[in-house]
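Colleague: One structure, as structure tokens, below. Some questions next.
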Amino acid sequence: MGLFRRPETPTAAPTAAPGLWSRGFGVVATRSLQTLIVLALVAVAVLVITQLSLVFIPVTIALILASAIHPLVALMRRRGMPSILATWIALIGILAVLGGVVWIIVLTVRSQWDDLVDSATDGIAQVTAWLDTLPFDFEAIDLDDVWANAQDFLTSASFGQGALAGVSATASFFTGLALMIVVLFFFLKDGPRIWEFLLRPFTGESYERARRIGDKTVDVFGGYIRGTSIVAAADALGIGIGLAILQIPLAVPLAVIVFLTAFIPLVGATAAGILAALVALVTHGPVAALIVVGIVVLVNQLEGNFLQPVVMARSLKLHALVILLALTAGTILGGIVGAVLSVPLAAVAWGIITVWDGPHLPARPFRKKRSETV
């Protein structure tokens, strides 16, 4: 009988409670661990970037400039020009523009410096005389004490350490500049081949995604720098013409400063306007300073309401709050250079998200799933 007895069904081994990590605190714990891992990776990346800033910053600037000038290089190559010749023309053109800007600033400052010093001295004397008419008691400044303190500082150890730090910073600047020029040359000459070499480990969908990321990065960087250059040139032209009409000293260098600071969104144009108003105040008095402020406000309004939405619509689709946070983080991590690079890097990060799953298909968590209008 036992031969034909139905075999007993083996009892399943005891398992963990189903759904232990898929409900309640299990989900919170899993998401918290994932968040900590992501934050740790981001912290390590930021630490590496800050420690290798002498490499990261020149390479990033070279990539931005190469992305901006790439359409011109590609056009010259399509017209039959040899690749090396097109590369040299583009590189020499960029260096000529940058060198010309520096030369104009130095030449103008040297030619107008004496007039500016005299006007500033008279302006300060007028401000001091105006302060004496106020019903407040301002203690007179002893110039002998000021000069003595200045001499003490110049002969102190702190000044020597600061001078050595300045020499080190200057050496780092020229080292980074030389590295940027070399990297820019190779990006212009062999950029697509370098990117294809870096994509060798990827195949299939991963390769297609990496290609989309590379193309989007070049498009965003190039569109951002070209659009910002147009907006900055319009700001500099408008404010420079206003300063020239008012006969404000150093109108050309101030216009160049307006152009350069326009690459820092939100705060750059305001800072340049304040500087121009201060020069007008010490040279032509408060009325001219108020007129300069009005010119700066008018130019900024025209730029923000008419020019920037048209020029920057495709390259910079970031909310003002995101731009402000990126500027703050970039300034803390990299100073002025960080402030300049933070916004295009943030724009590239968002651009990568928008093409993560397809040419027009953002990553799943960032897809619009409902009406977001309030």
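Residue numbers start at 1 in each chain; chains themselves are named A, B, ... in the order of the structure tokens; ligands are numbered from 1 in the order shown.
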Mind checking which residues fall within 9 Å of A:Leu63, counting only C-alpha atoms, ignoring those fewer than 3 positions away in the same chain, and posting them as a list in words?
Modeller: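 With the cut-off at 9 Å, the set is Pro58, Val59, Thr60, Ala66, Ser67, Ala68, Val183, Leu184, Phe187, Leu188, Val218 and Phe221 of chain A.
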Colleague: With a distance cut-off of 8 Å and only C-alpha atoms, select the neighbouring residues of A:Glu303, excluding the residue or stretch itself and same-chain residues fewer than 6 positions from it, and output the selection as a PyMOL selection string.
Modeller: chain A and resi 231+234-235
Colleague: When distances are computed from only C-alpha atoms, which of A:Leu345, A:Ile89, A:Val299, A:Ala96 shows the smallest separation from A:Tyr224?
Modeller: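 Comparing A:Leu345, A:Ile89, A:Val299, A:Ala96 against A:Tyr224, the winner is A:Leu345.
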Colleague: In Å, rounded to a single decimal, give me how far atom CA of A:Val252 is from atom CA of A:Gly240.
Modeller: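 Going from atom CA of A:Gly240 over to atom CA of A:Val252 covers 6.4 Å.
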Colleague: So that I can see what lies close to A:Leu325, please list as a PyMOL selection string the residues with an atom at most 12 Å from it, counting only C-alpha atoms and leaving out residues fewer than 3 positions away in the same chain.
Modeller: chain A and resi 265-266+318-322+328-332+339+342-343+346
Colleague: Save out the residues we just selected, N, CA and C atoms, as a compact mmCIF listing (two decimals), in the first residue's frame.
Modeller:
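Dumped everything to part_20.txt:
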```txt
# COMPACT_ATOMS: atom_id res chain seq x y z
N PRO A 265 23.91 86.14 -15.48
CA PRO A 265 22.51 86.55 -15.55
C PRO A 265 22.03 87.17 -14.24
N LEU A 266 21.00 88.00 -14.35
CA LEU A 266 20.29 88.62 -13.21
C LEU A 266 21.10 89.71 -12.52
N LEU A 318 15.26 77.98 -18.26
CA LEU A 318 15.36 77.80 -16.82
C LEU A 318 14.56 78.87 -16.12
N HIS A 319 13.94 78.48 -15.01
CA HIS A 319 13.22 79.44 -14.19
C HIS A 319 14.21 80.38 -13.52
N ALA A 320 13.75 81.60 -13.22
CA ALA A 320 14.63 82.58 -12.59
C ALA A 320 15.15 82.09 -11.24
N LEU A 321 14.33 81.33 -10.51
CA LEU A 321 14.77 80.80 -9.22
C LEU A 321 15.90 79.80 -9.41
N VAL A 322 15.80 78.96 -10.44
CA VAL A 322 16.87 78.00 -10.72
C VAL A 322 18.16 78.73 -11.08
N THR A 328 24.29 81.25 -7.10
CA THR A 328 24.77 81.23 -5.72
C THR A 328 25.72 80.07 -5.49
N ALA A 329 25.32 78.88 -5.93
CA ALA A 329 26.18 77.71 -5.76
C ALA A 329 27.49 77.87 -6.53
N GLY A 330 27.40 78.37 -7.77
CA GLY A 330 28.61 78.56 -8.56
C GLY A 330 29.56 79.58 -7.96
N THR A 331 29.00 80.66 -7.41
CA THR A 331 29.84 81.68 -6.78
C THR A 331 30.54 81.14 -5.54
N ILE A 332 29.83 80.33 -4.75
CA ILE A 332 30.43 79.76 -3.54
C ILE A 332 31.56 78.80 -3.90
N ALA A 339 30.39 81.67 -11.09
CA ALA A 339 29.14 82.36 -11.40
C ALA A 339 28.88 82.40 -12.90
N SER A 342 28.11 78.57 -14.02
CA SER A 342 27.06 77.81 -13.34
C SER A 342 25.76 77.75 -14.15
N VAL A 343 25.37 78.86 -14.75
CA VAL A 343 24.09 78.89 -15.47
C VAL A 343 24.13 78.04 -16.74
N ALA A 346 23.94 74.47 -15.65
CA ALA A 346 22.59 74.10 -15.24
C ALA A 346 21.68 73.91 -16.45
```
Colleague: Per residue of stretch 246-279 of chain A within 7 Å of stretch 288-293 of chain A, record the nearest atom pair and its distance in Å to one decimal, counting only C-alpha atoms, with rows in chain order and ascending residue number, as CSV.
Modeller:
```
residue,atom,partner,partner_atom,distance
A:Gly273,CA,A:Val293,CA,6.7
A:Ala277,CA,A:Ala289,CA,4.7
A:Leu278,CA,A:Ala289,CA,6.8
```
Colleague: Tell me, in Å to one decimal, how far atom CA of A:Ala74 is from atom CA of A:Leu307.
Modeller: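 Between atom CA of A:Ala74 and atom CA of A:Leu307 the gap works out to 27.2 Å.
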Colleague: Calculated over only C-alpha atoms, which of the candidates A:Ala280, A:Ala349, A:Val102, A:Leu75 has the smallest distance to A:Pro253?
Modeller: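 Among A:Ala280, A:Ala349, A:Val102, A:Leu75, it is A:Val102 that comes nearest to A:Pro253.
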Colleague: Any chance you could tabulate, as CSV, the residues of stretch 188-302 of chain A at most 10 Å from stretch 359-368 of chain A with each one's nearest atom pair and distance in Å to one decimal, using only C-alpha atoms, in chain and rising number order?
Modeller:
```
residue,atom,partner,partner_atom,distance
A:Glu208,CA,A:Pro359,CA,9.8
A:Arg209,CA,A:Pro359,CA,8.9
A:Arg212,CA,A:Pro359,CA,6.9
A:Ile213,CA,A:Pro359,CA,9.6
A:Lys216,CA,A:Pro359,CA,9.3
```
Colleague: Keeping only C-alpha atoms, write those residues as a PDB file, in the first residue's frame.
Modeller:
```
ATOM      1  CA  GLU A 208      22.101  56.440 -28.782  1.00  0.00           C
ATOM      2  CA  ARG A 209      21.438  58.147 -25.443  1.00  0.00           C
ATOM      3  CA  ARG A 212      21.824  62.619 -27.792  1.00  0.00           C
ATOM      4  CA  ILE A 213      23.521  63.922 -24.661  1.00  0.00           C
ATOM      5  CA  LYS A 216      22.321  68.478 -26.748  1.00  0.00           C
TER       6      LYS A 216
END
```
Colleague: Would you compute the distance between atom CA of A:Gly268 and atom CA of A:Thr50? Give it in Å to one decimal.
Modeller: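 So the two atoms, atom CA of A:Gly268 and atom CA of A:Thr50, lie 23.4 Å apart.
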